[in-house]
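A.B. asks: Sharing a structure here in structure tokens format.
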Amino acid sequence: MSLRAHLTPLDFGAVIGQLAGLVRMMGWLLLLPAAVGWLSGEPRVAALLSGLSVAGLALGHWGRSRLSREMHLREAFVVTALAYPLFALVGAIAFLPVATFIDGFFESMSGFTTTGLTVLDSEGLPRSLRFFRAYMQWIGGAGIVVLSVAVWRAVRPAGFRFRMYSSATEGERVAGSVQASARQLVAIYGLLTAVVCVALVIAGMPVEDALLHGLATISTGGFSPHGASIGYYASNPAVLTVTMIGMFLGATSFSNYQRLVRRSQGDRRPHDPQAYALIGVVLVGAWLLFALEGGPWHAVFDTVSAVTTTGFSLDETAEWSPTRKLFTTLWMIVGGSSGSTAGGLKLMRFIVLFKLVQWTFRRSLLPPEAQVPLKYAGSAIEAEPLRHLLGFIVVYLLMLLAVGSVLTLAGFAPQDAFFESASAIGTVGLSSGITDASLPGWIKLLLSLEMWAGRLEVLPVLVLMYPGTWKLPKRSR
């Protein structure tokens, strides 16, 4: 029997009602950049942002009040997958005063997915839109769906989605409920952002730049108001040091910050091995780049930026040597910690793969009746989560290779094509020179699809695109 035969009809009312809630939330979020526009004397942009805010609040309230009802797992996947394109469409309209719709959509998708690839001249943008770019990444870093926690309070089991994207092992919730987890995460996220912004000001960065870079650093987004990225401050070691620390903080699993609180209350759960792996990868990566290329600052900064998937750069990425691009591509594929704002395959999966190889070797030396559990962070890994992990890695790499191959066929150098593909699906934002305003529209949309799938870890996008998901109720005769 086919999979479609087992699927119940999709509850369109629940999906539309939850999307309406997201539209309403977007309406509230747009009030801040609209206020920046009015205060900056940019009435055209401010009026557009204000209009979008009012429309979002009105439509969202209308839809939410009429169609709000409980969702199940498949509806939750659909809403999750549609959330980012929905926000990107709104962002595309906001950029219409300075860009085409496709360029605005690309910029918004890059922002909300915390990627950082750009097709716009950041220094030529109005102040309100420069703020909006960094603000999009800050929102995306926290997670649109996590911020709209009301969407998930109807899902059973309540903690499913949060576990799916966190570093916690299957069965362990980061907090007692999705709502409590979301509140804790946003509070930690806001505190870390404020600390980085203040530290950048102390390091010598102007207040406005510190705010924009702070929002883009903790979110591991990488949008900068300067065309030279953080290289604009390459002569200021203090700024570079704070930025690297901020990228580390954003790419560290937020469950570790919550463990610090619990540890002070007597909780003695095992340490997250990802934290040590992140440090180890950066040390090894920086040493390799320094040994092969020289330049200690560039070696360390490039590695941190790539592994944390932030995408800040000290110089023009397109002019990097083949060796530098190769190692950067590898670190972009690895990525940061699960449960953080970073992208990539995530360190947790590589640790599990290493333990799987180790387990296979040990198992081959023991008699068949011996019980040898495969563990991560002190907890046994069951067969189903392991299958999900291996399946995700395969799909992720296949998508990376597919888009890289398409870019190669479009006429770009293979190394640059796969570098760009790894950057897009890993939500990094470093560009080998392919991404710019002159790029054909279909390639911009292809990279947007890759950023979207990478941010959501592919599964919700696959569910959305599966025809059986849209099974309609049978009409009564």
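Each chain in the structure tokens gets a letter, A, B, ..., in the order shown, and its residues are numbered from 1; ligands are numbered from 1 in order too.
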Using DSSP on the backbone, list every residue of segment 308-470 of chain A that comes out as alpha helix (DSSP H), and give them as an mmCIF file with N, CA, C and O atoms, in the first residue's frame.

C.D. replies:
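Saved the output as selection17.cif:
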data_model
loop_
_atom_site.group_PDB
_atom_site.id
_atom_site.type_symbol
_atom_site.label_atom_id
_atom_site.label_comp_id
_atom_site.auth_asym_id
_atom_site.auth_seq_id
_atom_site.Cartn_x
_atom_site.Cartn_y
_atom_site.Cartn_z
ATOM 1 N N PRO A 322 42.802 28.797 -4.100
ATOM 2 C CA PRO A 322 42.052 27.531 -4.113
ATOM 3 C C PRO A 322 42.137 26.759 -2.798
ATOM 4 O O PRO A 322 41.150 26.158 -2.360
ATOM 5 N N THR A 323 43.306 26.783 -2.147
ATOM 6 C CA THR A 323 43.460 26.077 -0.866
ATOM 7 C C THR A 323 42.560 26.675 0.204
ATOM 8 O O THR A 323 41.884 25.953 0.948
ATOM 9 N N ARG A 324 42.539 27.982 0.270
ATOM 10 C CA ARG A 324 41.717 28.675 1.266
ATOM 11 C C ARG A 324 40.240 28.399 1.026
ATOM 12 O O ARG A 324 39.472 28.169 1.970
ATOM 13 N N LYS A 325 39.818 28.379 -0.238
ATOM 14 C CA LYS A 325 38.425 28.094 -0.566
ATOM 15 C C LYS A 325 38.071 26.645 -0.224
ATOM 16 O O LYS A 325 36.974 26.368 0.267
ATOM 17 N N LEU A 326 38.994 25.729 -0.477
ATOM 18 C CA LEU A 326 38.734 24.316 -0.214
ATOM 19 C C LEU A 326 38.478 24.066 1.266
ATOM 20 O O LEU A 326 37.469 23.443 1.644
ATOM 21 N N PHE A 327 39.380 24.559 2.119
ATOM 22 C CA PHE A 327 39.211 24.323 3.556
ATOM 23 C C PHE A 327 37.985 25.056 4.087
ATOM 24 O O PHE A 327 37.265 24.532 4.946
ATOM 25 N N THR A 328 37.731 26.254 3.571
ATOM 26 C CA THR A 328 36.544 26.990 4.006
ATOM 27 C C THR A 328 35.274 26.234 3.627
ATOM 28 O O THR A 328 34.316 26.174 4.402
ATOM 29 N N THR A 329 35.258 25.631 2.440
ATOM 30 C CA THR A 329 34.102 24.826 2.020
ATOM 31 C C THR A 329 33.866 23.671 2.979
ATOM 32 O O THR A 329 32.727 23.390 3.379
ATOM 33 N N LEU A 330 34.937 23.000 3.383
ATOM 34 C CA LEU A 330 34.808 21.878 4.323
ATOM 35 C C LEU A 330 34.229 22.348 5.654
ATOM 36 O O LEU A 330 33.337 21.705 6.218
ATOM 37 N N TRP A 331 34.735 23.482 6.164
ATOM 38 C CA TRP A 331 34.232 23.957 7.462
ATOM 39 C C TRP A 331 32.791 24.438 7.355
ATOM 40 O O TRP A 331 32.011 24.297 8.305
ATOM 41 N N MET A 332 32.399 24.986 6.207
ATOM 42 C CA MET A 332 31.007 25.397 6.020
ATOM 43 C C MET A 332 30.082 24.187 6.030
ATOM 44 O O MET A 332 28.949 24.265 6.508
ATOM 45 N N ILE A 333 30.544 23.067 5.485
ATOM 46 C CA ILE A 333 29.732 21.850 5.497
ATOM 47 C C ILE A 333 29.597 21.310 6.915
ATOM 48 O O ILE A 333 28.517 20.861 7.322
ATOM 49 N N VAL A 334 30.667 21.372 7.694
ATOM 50 C CA VAL A 334 30.628 20.885 9.088
ATOM 51 C C VAL A 334 29.635 21.698 9.906
ATOM 52 O O VAL A 334 28.701 21.161 10.517
ATOM 53 N N LEU A 347 27.795 19.770 14.303
ATOM 54 C CA LEU A 347 28.819 18.968 14.962
ATOM 55 C C LEU A 347 28.244 17.719 15.623
ATOM 56 O O LEU A 347 28.892 16.674 15.677
ATOM 57 N N MET A 348 27.027 17.817 16.132
ATOM 58 C CA MET A 348 26.411 16.671 16.797
ATOM 59 C C MET A 348 26.358 15.464 15.874
ATOM 60 O O MET A 348 26.646 14.332 16.272
ATOM 61 N N ARG A 349 26.038 15.690 14.607
ATOM 62 C CA ARG A 349 25.926 14.583 13.662
ATOM 63 C C ARG A 349 27.289 13.966 13.379
ATOM 64 O O ARG A 349 27.402 12.746 13.221
ATOM 65 N N PHE A 350 28.327 14.790 13.298
ATOM 66 C CA PHE A 350 29.662 14.247 13.068
ATOM 67 C C PHE A 350 30.148 13.453 14.274
ATOM 68 O O PHE A 350 30.822 12.431 14.132
ATOM 69 N N ILE A 351 29.803 13.906 15.463
ATOM 70 C CA ILE A 351 30.180 13.167 16.670
ATOM 71 C C ILE A 351 29.485 11.813 16.687
ATOM 72 O O ILE A 351 30.100 10.776 16.997
ATOM 73 N N VAL A 352 28.198 11.800 16.341
ATOM 74 C CA VAL A 352 27.455 10.542 16.305
ATOM 75 C C VAL A 352 28.032 9.608 15.241
ATOM 76 O O VAL A 352 28.162 8.397 15.462
ATOM 77 N N LEU A 353 28.401 10.156 14.090
ATOM 78 C CA LEU A 353 29.011 9.328 13.044
ATOM 79 C C LEU A 353 30.321 8.712 13.529
ATOM 80 O O LEU A 353 30.603 7.531 13.277
ATOM 81 N N PHE A 354 31.132 9.523 14.216
ATOM 82 C CA PHE A 354 32.383 9.008 14.754
ATOM 83 C C PHE A 354 32.120 7.890 15.758
ATOM 84 O O PHE A 354 32.789 6.842 15.740
ATOM 85 N N LYS A 355 31.125 8.085 16.634
ATOM 86 C CA LYS A 355 30.797 7.062 17.623
ATOM 87 C C LYS A 355 30.216 5.814 16.956
ATOM 88 O O LYS A 355 30.407 4.687 17.447
ATOM 89 N N LEU A 356 29.516 6.003 15.840
ATOM 90 C CA LEU A 356 28.981 4.857 15.117
ATOM 91 C C LEU A 356 30.106 3.999 14.534
ATOM 92 O O LEU A 356 30.068 2.770 14.605
ATOM 93 N N VAL A 357 31.109 4.656 13.961
ATOM 94 C CA VAL A 357 32.269 3.924 13.441
ATOM 95 C C VAL A 357 32.978 3.201 14.583
ATOM 96 O O VAL A 357 33.353 2.022 14.467
ATOM 97 N N GLN A 358 33.156 3.913 15.699
ATOM 98 C CA GLN A 358 33.800 3.318 16.868
ATOM 99 C C GLN A 358 32.989 2.132 17.387
ATOM 100 O O GLN A 358 33.547 1.075 17.727
ATOM 101 N N TRP A 359 31.675 2.293 17.432
ATOM 102 C CA TRP A 359 30.783 1.212 17.908
ATOM 103 C C TRP A 359 30.868 0.002 16.984
ATOM 104 O O TRP A 359 30.912 -1.145 17.437
ATOM 105 N N THR A 360 30.892 0.232 15.662
ATOM 106 C CA THR A 360 30.969 -0.855 14.689
ATOM 107 C C THR A 360 32.254 -1.659 14.866
ATOM 108 O O THR A 360 32.251 -2.900 14.813
ATOM 109 N N PHE A 361 33.359 -0.960 15.105
ATOM 110 C CA PHE A 361 34.638 -1.630 15.312
ATOM 111 C C PHE A 361 34.600 -2.483 16.588
ATOM 112 O O PHE A 361 34.993 -3.655 16.581
ATOM 113 N N ARG A 362 34.133 -1.903 17.676
ATOM 114 C CA ARG A 362 34.076 -2.647 18.937
ATOM 115 C C ARG A 362 33.133 -3.834 18.833
ATOM 116 O O ARG A 362 33.414 -4.920 19.352
ATOM 117 N N ARG A 363 32.005 -3.617 18.147
ATOM 118 C CA ARG A 363 31.009 -4.694 18.034
ATOM 119 C C ARG A 363 31.573 -5.886 17.270
ATOM 120 O O ARG A 363 31.232 -7.041 17.564
ATOM 121 N N SER A 364 32.440 -5.618 16.286
ATOM 122 C CA SER A 364 33.011 -6.701 15.493
ATOM 123 C C SER A 364 33.969 -7.570 16.296
ATOM 124 O O SER A 364 34.263 -8.702 15.910
ATOM 125 N N ALA A 383 17.533 3.330 17.163
ATOM 126 C CA ALA A 383 17.698 3.111 15.721
ATOM 127 C C ALA A 383 16.994 4.180 14.892
ATOM 128 O O ALA A 383 17.526 4.652 13.882
ATOM 129 N N GLU A 384 15.788 4.602 15.301
ATOM 130 C CA GLU A 384 15.033 5.548 14.477
ATOM 131 C C GLU A 384 15.720 6.910 14.368
ATOM 132 O O GLU A 384 15.888 7.421 13.258
ATOM 133 N N PRO A 385 16.145 7.544 15.483
ATOM 134 C CA PRO A 385 16.876 8.813 15.343
ATOM 135 C C PRO A 385 18.152 8.665 14.528
ATOM 136 O O PRO A 385 18.531 9.582 13.804
ATOM 137 N N LEU A 386 18.809 7.514 14.634
ATOM 138 C CA LEU A 386 20.038 7.294 13.870
ATOM 139 C C LEU A 386 19.733 7.234 12.379
ATOM 140 O O LEU A 386 20.481 7.782 11.558
ATOM 141 N N ARG A 387 18.632 6.588 12.011
ATOM 142 C CA ARG A 387 18.224 6.562 10.598
ATOM 143 C C ARG A 387 17.906 7.953 10.096
ATOM 144 O O ARG A 387 18.257 8.320 8.975
ATOM 145 N N HIS A 388 17.226 8.751 10.917
ATOM 146 C CA HIS A 388 16.932 10.132 10.536
ATOM 147 C C HIS A 388 18.217 10.920 10.312
ATOM 148 O O HIS A 388 18.333 11.694 9.354
ATOM 149 N N LEU A 389 19.177 10.731 11.195
ATOM 150 C CA LEU A 389 20.445 11.450 11.097
ATOM 151 C C LEU A 389 21.171 11.099 9.799
ATOM 152 O O LEU A 389 21.615 11.988 9.063
ATOM 153 N N LEU A 390 21.277 9.801 9.511
ATOM 154 C CA LEU A 390 21.979 9.375 8.306
ATOM 155 C C LEU A 390 21.226 9.809 7.051
ATOM 156 O O LEU A 390 21.837 10.232 6.060
ATOM 157 N N GLY A 391 19.892 9.740 7.095
ATOM 158 C CA GLY A 391 19.103 10.175 5.949
ATOM 159 C C GLY A 391 19.270 11.659 5.676
ATOM 160 O O GLY A 391 19.380 12.080 4.519
ATOM 161 N N PHE A 392 19.296 12.466 6.743
ATOM 162 C CA PHE A 392 19.465 13.908 6.561
ATOM 163 C C PHE A 392 20.817 14.225 5.943
ATOM 164 O O PHE A 392 20.920 15.065 5.044
ATOM 165 N N ILE A 393 21.869 13.570 6.418
ATOM 166 C CA ILE A 393 23.208 13.825 5.877
ATOM 167 C C ILE A 393 23.251 13.525 4.376
ATOM 168 O O ILE A 393 23.793 14.302 3.580
ATOM 169 N N VAL A 394 22.639 12.405 3.978
ATOM 170 C CA VAL A 394 22.634 12.030 2.564
ATOM 171 C C VAL A 394 21.877 13.063 1.739
ATOM 172 O O VAL A 394 22.356 13.528 0.692
ATOM 173 N N VAL A 395 20.682 13.450 2.189
ATOM 174 C CA VAL A 395 19.876 14.417 1.432
ATOM 175 C C VAL A 395 20.583 15.773 1.366
ATOM 176 O O VAL A 395 20.590 16.434 0.320
ATOM 177 N N TYR A 396 21.173 16.193 2.472
ATOM 178 C CA TYR A 396 21.885 17.472 2.533
ATOM 179 C C TYR A 396 23.017 17.499 1.503
ATOM 180 O O TYR A 396 23.147 18.451 0.720
ATOM 181 N N LEU A 397 23.843 16.453 1.511
ATOM 182 C CA LEU A 397 24.984 16.417 0.600
ATOM 183 C C LEU A 397 24.540 16.288 -0.857
ATOM 184 O O LEU A 397 25.153 16.891 -1.753
ATOM 185 N N LEU A 398 23.466 15.537 -1.106
ATOM 186 C CA LEU A 398 22.956 15.428 -2.463
ATOM 187 C C LEU A 398 22.462 16.773 -2.982
ATOM 188 O O LEU A 398 22.692 17.129 -4.144
ATOM 189 N N MET A 399 21.788 17.535 -2.129
ATOM 190 C CA MET A 399 21.306 18.849 -2.541
ATOM 191 C C MET A 399 22.474 19.795 -2.800
ATOM 192 O O MET A 399 22.470 20.568 -3.766
ATOM 193 N N LEU A 400 23.485 19.746 -1.928
ATOM 194 C CA LEU A 400 24.678 20.573 -2.118
ATOM 195 C C LEU A 400 25.340 20.255 -3.465
ATOM 196 O O LEU A 400 25.683 21.164 -4.239
ATOM 197 N N LEU A 401 25.493 18.968 -3.759
ATOM 198 C CA LEU A 401 26.120 18.551 -5.007
ATOM 199 C C LEU A 401 25.258 18.912 -6.213
ATOM 200 O O LEU A 401 25.780 19.316 -7.268
ATOM 201 N N ALA A 402 23.942 18.775 -6.080
ATOM 202 C CA ALA A 402 23.044 19.071 -7.194
ATOM 203 C C ALA A 402 23.104 20.547 -7.574
ATOM 204 O O ALA A 402 23.250 20.898 -8.755
ATOM 205 N N VAL A 403 23.005 21.430 -6.585
ATOM 206 C CA VAL A 403 23.049 22.864 -6.881
ATOM 207 C C VAL A 403 24.434 23.264 -7.375
ATOM 208 O O VAL A 403 24.572 24.068 -8.305
ATOM 209 N N GLY A 404 25.484 22.704 -6.775
ATOM 210 C CA GLY A 404 26.834 22.985 -7.249
ATOM 211 C C GLY A 404 27.020 22.565 -8.697
ATOM 212 O O GLY A 404 27.658 23.267 -9.495
ATOM 213 N N SER A 405 26.441 21.419 -9.069
ATOM 214 C CA SER A 405 26.539 20.946 -10.448
ATOM 215 C C SER A 405 25.782 21.859 -11.407
ATOM 216 O O SER A 405 26.252 22.144 -12.513
ATOM 217 N N VAL A 406 24.603 22.317 -10.971
ATOM 218 C CA VAL A 406 23.829 23.239 -11.823
ATOM 219 C C VAL A 406 24.607 24.535 -12.047
ATOM 220 O O VAL A 406 24.657 25.058 -13.168
ATOM 221 N N LEU A 407 25.224 25.057 -11.006
ATOM 222 C CA LEU A 407 26.013 26.286 -11.145
ATOM 223 C C LEU A 407 27.213 26.055 -12.070
ATOM 224 O O LEU A 407 27.587 26.932 -12.850
ATOM 225 N N THR A 408 27.801 24.864 -11.989
ATOM 226 C CA THR A 408 28.913 24.540 -12.885
ATOM 227 C C THR A 408 28.436 24.505 -14.335
ATOM 228 O O THR A 408 29.089 25.054 -15.237
ATOM 229 N N LEU A 409 27.289 23.874 -14.571
ATOM 230 C CA LEU A 409 26.731 23.827 -15.921
ATOM 231 C C LEU A 409 26.332 25.211 -16.424
ATOM 232 O O LEU A 409 26.296 25.451 -17.638
ATOM 233 N N PRO A 414 34.009 25.072 -11.222
ATOM 234 C CA PRO A 414 33.496 24.059 -10.281
ATOM 235 C C PRO A 414 33.785 24.368 -8.819
ATOM 236 O O PRO A 414 32.899 24.227 -7.969
ATOM 237 N N GLN A 415 35.011 24.782 -8.490
ATOM 238 C CA GLN A 415 35.324 25.050 -7.083
ATOM 239 C C GLN A 415 34.472 26.193 -6.553
ATOM 240 O O GLN A 415 33.956 26.129 -5.435
ATOM 241 N N ASP A 416 34.296 27.248 -7.366
ATOM 242 C CA ASP A 416 33.459 28.371 -6.949
ATOM 243 C C ASP A 416 31.998 27.953 -6.819
ATOM 244 O O ASP A 416 31.288 28.386 -5.907
ATOM 245 N N ALA A 417 31.539 27.089 -7.740
ATOM 246 C CA ALA A 417 30.144 26.648 -7.724
ATOM 247 C C ALA A 417 29.824 25.857 -6.457
ATOM 248 O O ALA A 417 28.803 26.100 -5.801
ATOM 249 N N PHE A 418 30.694 24.924 -6.095
ATOM 250 C CA PHE A 418 30.435 24.114 -4.899
ATOM 251 C C PHE A 418 30.674 24.913 -3.623
ATOM 252 O O PHE A 418 30.044 24.660 -2.595
ATOM 253 N N PHE A 419 31.582 25.884 -3.657
ATOM 254 C CA PHE A 419 31.764 26.805 -2.537
ATOM 255 C C PHE A 419 30.459 27.571 -2.299
ATOM 256 O O PHE A 419 29.983 27.681 -1.162
ATOM 257 N N GLU A 420 29.863 28.093 -3.373
ATOM 258 C CA GLU A 420 28.625 28.880 -3.257
ATOM 259 C C GLU A 420 27.477 28.014 -2.766
ATOM 260 O O GLU A 420 26.663 28.434 -1.932
ATOM 261 N N SER A 421 27.405 26.785 -3.270
ATOM 262 C CA SER A 421 26.345 25.883 -2.854
ATOM 263 C C SER A 421 26.476 25.519 -1.378
ATOM 264 O O SER A 421 25.486 25.503 -0.638
ATOM 265 N N ALA A 422 27.702 25.235 -0.926
ATOM 266 C CA ALA A 422 27.929 24.930 0.486
ATOM 267 C C ALA A 422 27.584 26.120 1.365
ATOM 268 O O ALA A 422 27.050 25.973 2.472
ATOM 269 N N SER A 423 27.875 27.319 0.866
ATOM 270 C CA SER A 423 27.571 28.525 1.635
ATOM 271 C C SER A 423 26.070 28.751 1.754
ATOM 272 O O SER A 423 25.571 29.138 2.820
ATOM 273 N N ALA A 424 25.327 28.486 0.677
ATOM 274 C CA ALA A 424 23.881 28.706 0.697
ATOM 275 C C ALA A 424 23.162 27.689 1.575
ATOM 276 O O ALA A 424 22.378 28.057 2.451
ATOM 277 N N ILE A 425 23.430 26.397 1.371
ATOM 278 C CA ILE A 425 22.708 25.391 2.144
ATOM 279 C C ILE A 425 23.170 25.375 3.599
ATOM 280 O O ILE A 425 22.424 25.001 4.495
ATOM 281 N N GLY A 441 17.886 35.612 -12.604
ATOM 282 C CA GLY A 441 16.850 35.442 -11.596
ATOM 283 C C GLY A 441 16.629 34.005 -11.171
ATOM 284 O O GLY A 441 16.390 33.725 -9.992
ATOM 285 N N TRP A 442 16.718 33.040 -12.120
ATOM 286 C CA TRP A 442 16.453 31.644 -11.766
ATOM 287 C C TRP A 442 17.528 31.095 -10.834
ATOM 288 O O TRP A 442 17.233 30.249 -9.979
ATOM 289 N N ILE A 443 18.768 31.591 -10.962
ATOM 290 C CA ILE A 443 19.824 31.138 -10.043
ATOM 291 C C ILE A 443 19.601 31.744 -8.656
ATOM 292 O O ILE A 443 19.836 31.085 -7.634
ATOM 293 N N LYS A 444 19.132 32.995 -8.607
ATOM 294 C CA LYS A 444 18.815 33.598 -7.307
ATOM 295 C C LYS A 444 17.725 32.794 -6.600
ATOM 296 O O LYS A 444 17.793 32.557 -5.387
ATOM 297 N N LEU A 445 16.726 32.359 -7.365
ATOM 298 C CA LEU A 445 15.649 31.563 -6.761
ATOM 299 C C LEU A 445 16.153 30.186 -6.348
ATOM 300 O O LEU A 445 15.727 29.646 -5.321
ATOM 301 N N LEU A 446 17.067 29.607 -7.141
ATOM 302 C CA LEU A 446 17.637 28.307 -6.781
ATOM 303 C C LEU A 446 18.424 28.398 -5.482
ATOM 304 O O LEU A 446 18.291 27.542 -4.590
ATOM 305 N N LEU A 447 19.240 29.435 -5.344
ATOM 306 C CA LEU A 447 19.995 29.626 -4.109
ATOM 307 C C LEU A 447 19.059 29.940 -2.937
ATOM 308 O O LEU A 447 19.319 29.538 -1.802
ATOM 309 N N SER A 448 17.963 30.652 -3.212
ATOM 310 C CA SER A 448 16.972 30.919 -2.162
ATOM 311 C C SER A 448 16.355 29.621 -1.664
ATOM 312 O O SER A 448 16.150 29.430 -0.463
ATOM 313 N N LEU A 449 16.057 28.712 -2.603
ATOM 314 C CA LEU A 449 15.530 27.400 -2.224
ATOM 315 C C LEU A 449 16.530 26.655 -1.357
ATOM 316 O O LEU A 449 16.156 26.027 -0.349
ATOM 317 N N GLU A 450 17.802 26.743 -1.706
ATOM 318 C CA GLU A 450 18.823 26.038 -0.939
ATOM 319 C C GLU A 450 18.967 26.632 0.462
ATOM 320 O O GLU A 450 19.104 25.894 1.447
ATOM 321 N N MET A 451 18.925 27.967 0.567
ATOM 322 C CA MET A 451 19.001 28.601 1.884
ATOM 323 C C MET A 451 17.812 28.197 2.750
ATOM 324 O O MET A 451 17.959 27.909 3.941
ATOM 325 N N TRP A 452 16.641 28.167 2.148
ATOM 326 C CA TRP A 452 15.413 27.796 2.845
ATOM 327 C C TRP A 452 15.490 26.359 3.353
ATOM 328 O O TRP A 452 15.226 26.092 4.536
ATOM 329 N N ALA A 453 15.875 25.440 2.481
ATOM 330 C CA ALA A 453 15.970 24.037 2.886
ATOM 331 C C ALA A 453 17.044 23.831 3.943
ATOM 332 O O ALA A 453 16.859 23.075 4.906
ATOM 333 N N GLY A 454 18.179 24.519 3.797
ATOM 334 C CA GLY A 454 19.259 24.375 4.761
ATOM 335 C C GLY A 454 18.882 24.871 6.143
ATOM 336 O O GLY A 454 19.213 24.259 7.159
ATOM 337 N N ARG A 455 18.171 25.990 6.198
ATOM 338 C CA ARG A 455 17.775 26.545 7.500
ATOM 339 C C ARG A 455 16.817 25.618 8.227
ATOM 340 O O ARG A 455 16.863 25.457 9.447
ATOM 341 N N LEU A 459 13.790 18.512 6.051
ATOM 342 C CA LEU A 459 12.603 17.679 6.222
ATOM 343 C C LEU A 459 11.281 18.433 6.033
ATOM 344 O O LEU A 459 10.418 17.974 5.269
ATOM 345 N N PRO A 460 11.052 19.582 6.700
ATOM 346 C CA PRO A 460 9.779 20.283 6.472
ATOM 347 C C PRO A 460 9.568 20.685 5.018
ATOM 348 O O PRO A 460 8.431 20.666 4.523
ATOM 349 N N VAL A 461 10.642 21.020 4.299
ATOM 350 C CA VAL A 461 10.522 21.390 2.886
ATOM 351 C C VAL A 461 10.122 20.175 2.055
ATOM 352 O O VAL A 461 9.283 20.274 1.145
ATOM 353 N N LEU A 462 10.700 19.003 2.362
ATOM 354 C CA LEU A 462 10.329 17.783 1.651
ATOM 355 C C LEU A 462 8.866 17.424 1.916
ATOM 356 O O LEU A 462 8.145 17.006 1.003
ATOM 357 N N VAL A 463 8.424 17.581 3.161
ATOM 358 C CA VAL A 463 7.023 17.312 3.489
ATOM 359 C C VAL A 463 6.111 18.245 2.712
ATOM 360 O O VAL A 463 5.081 17.837 2.164
ATOM 361 N N LEU A 464 6.489 19.523 2.629
ATOM 362 C CA LEU A 464 5.686 20.511 1.912
ATOM 363 C C LEU A 464 5.577 20.149 0.430
ATOM 364 O O LEU A 464 4.512 20.297 -0.186
ATOM 365 N N MET A 465 6.671 19.671 -0.154
ATOM 366 C CA MET A 465 6.702 19.404 -1.594
ATOM 367 C C MET A 465 6.157 18.029 -1.966
ATOM 368 O O MET A 465 5.947 17.749 -3.145
#

A.B. asks: Skipping near chain neighbours, those fewer than 2 positions away, what residues fall within 10 Å of Thr115 of chain A using only C-alpha atoms, listed as a PyMOL selection string?

C.D. replies: chain A and resi 107-113+117-118+137+140-141+216+219-223+309-311+342-343+423-430+448+451-452+454-455

A.B. asks: Next, write the just-selected residues to a file, as a PDB file, in the first residue's frame, keeping C-alpha atoms as the atom set.

C.D. replies:
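Dumped to result-v2.pdb:
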ATOM      1  CA  GLU A 107      17.870  39.413   0.296  1.00  0.00           C
ATOM      2  CA  SER A 108      14.990  38.677   2.660  1.00  0.00           C
ATOM      3  CA  MET A 109      15.334  34.909   2.377  1.00  0.00           C
ATOM      4  CA  SER A 110      19.061  35.311   3.000  1.00  0.00           C
ATOM      5  CA  GLY A 111      18.290  37.471   6.012  1.00  0.00           C
ATOM      6  CA  PHE A 112      15.586  35.399   7.675  1.00  0.00           C
ATOM      7  CA  THR A 113      17.545  32.171   7.132  1.00  0.00           C
ATOM      8  CA  LEU A 117      24.505  36.198   0.827  1.00  0.00           C
ATOM      9  CA  THR A 118      23.613  39.568  -0.673  1.00  0.00           C
ATOM     10  CA  GLN A 137      18.842  37.937  10.700  1.00  0.00           C
ATOM     11  CA  GLY A 140      15.758  34.317  11.911  1.00  0.00           C
ATOM     12  CA  GLY A 141      18.478  33.397  14.384  1.00  0.00           C
ATOM     13  CA  ALA A 216      24.237  39.812  12.714  1.00  0.00           C
ATOM     14  CA  SER A 219      22.444  35.271  14.832  1.00  0.00           C
ATOM     15  CA  THR A 220      25.499  33.967  12.901  1.00  0.00           C
ATOM     16  CA  GLY A 221      23.998  35.816   9.955  1.00  0.00           C
ATOM     17  CA  GLY A 222      26.875  37.935   8.706  1.00  0.00           C
ATOM     18  CA  PHE A 223      25.089  40.890   7.083  1.00  0.00           C
ATOM     19  CA  THR A 309      28.427  29.745   9.517  1.00  0.00           C
ATOM     20  CA  THR A 310      28.411  33.495  10.170  1.00  0.00           C
ATOM     21  CA  GLY A 311      30.032  34.545   6.904  1.00  0.00           C
ATOM     22  CA  ALA A 342      24.535  28.123  13.182  1.00  0.00           C
ATOM     23  CA  GLY A 343      23.874  26.096  10.047  1.00  0.00           C
ATOM     24  CA  SER A 423      27.571  28.525   1.635  1.00  0.00           C
ATOM     25  CA  ALA A 424      23.881  28.706   0.697  1.00  0.00           C
ATOM     26  CA  ILE A 425      22.708  25.391   2.144  1.00  0.00           C
ATOM     27  CA  GLY A 426      24.900  25.888   5.218  1.00  0.00           C
ATOM     28  CA  THR A 427      23.398  29.384   5.715  1.00  0.00           C
ATOM     29  CA  VAL A 428      26.912  30.864   5.786  1.00  0.00           C
ATOM     30  CA  GLY A 429      26.924  33.812   3.387  1.00  0.00           C
ATOM     31  CA  LEU A 430      30.490  33.760   2.093  1.00  0.00           C
ATOM     32  CA  SER A 448      16.972  30.919  -2.162  1.00  0.00           C
ATOM     33  CA  MET A 451      19.001  28.601   1.884  1.00  0.00           C
ATOM     34  CA  TRP A 452      15.413  27.796   2.845  1.00  0.00           C
ATOM     35  CA  GLY A 454      19.259  24.375   4.761  1.00  0.00           C
ATOM     36  CA  ARG A 455      17.775  26.545   7.500  1.00  0.00           C
TER      37      ARG A 455
END

A.B. asks: Go through A:Met247, A:Gln184, A:Val119, A:Cys197 and flag the residue nearest Thr100 of chain A, using only C-alpha atoms for the distances.

C.D. replies: A:Val119

A.B. asks: Name all residues at most 6 Å from Ala20 of chain A (count only C-alpha atoms; drop same-chain ones fewer than 6 positions away) and give them as a VMD selection string.

C.D. replies: chain A and resid 60 63 to 64

A.B. asks: With a distance cut-off of 12 Å and only C-alpha atoms, select the neighbouring residues of Phe290 of chain A, excluding the residue or stretch itself and same-chain residues fewer than 2 positions from it, and output the selection as a list in words.

C.D. replies: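 Near Phe290 of chain A, the qualifying residues are Val282, Leu283, Val284, Gly285, Ala286, Trp287, Leu288, Leu292, Glu293, Gly294, Gly295, Pro296, Trp297, His298, Ala299, Val300, Phe301, Asp302, Thr303, Thr323, Arg324 and Phe327 of chain A.
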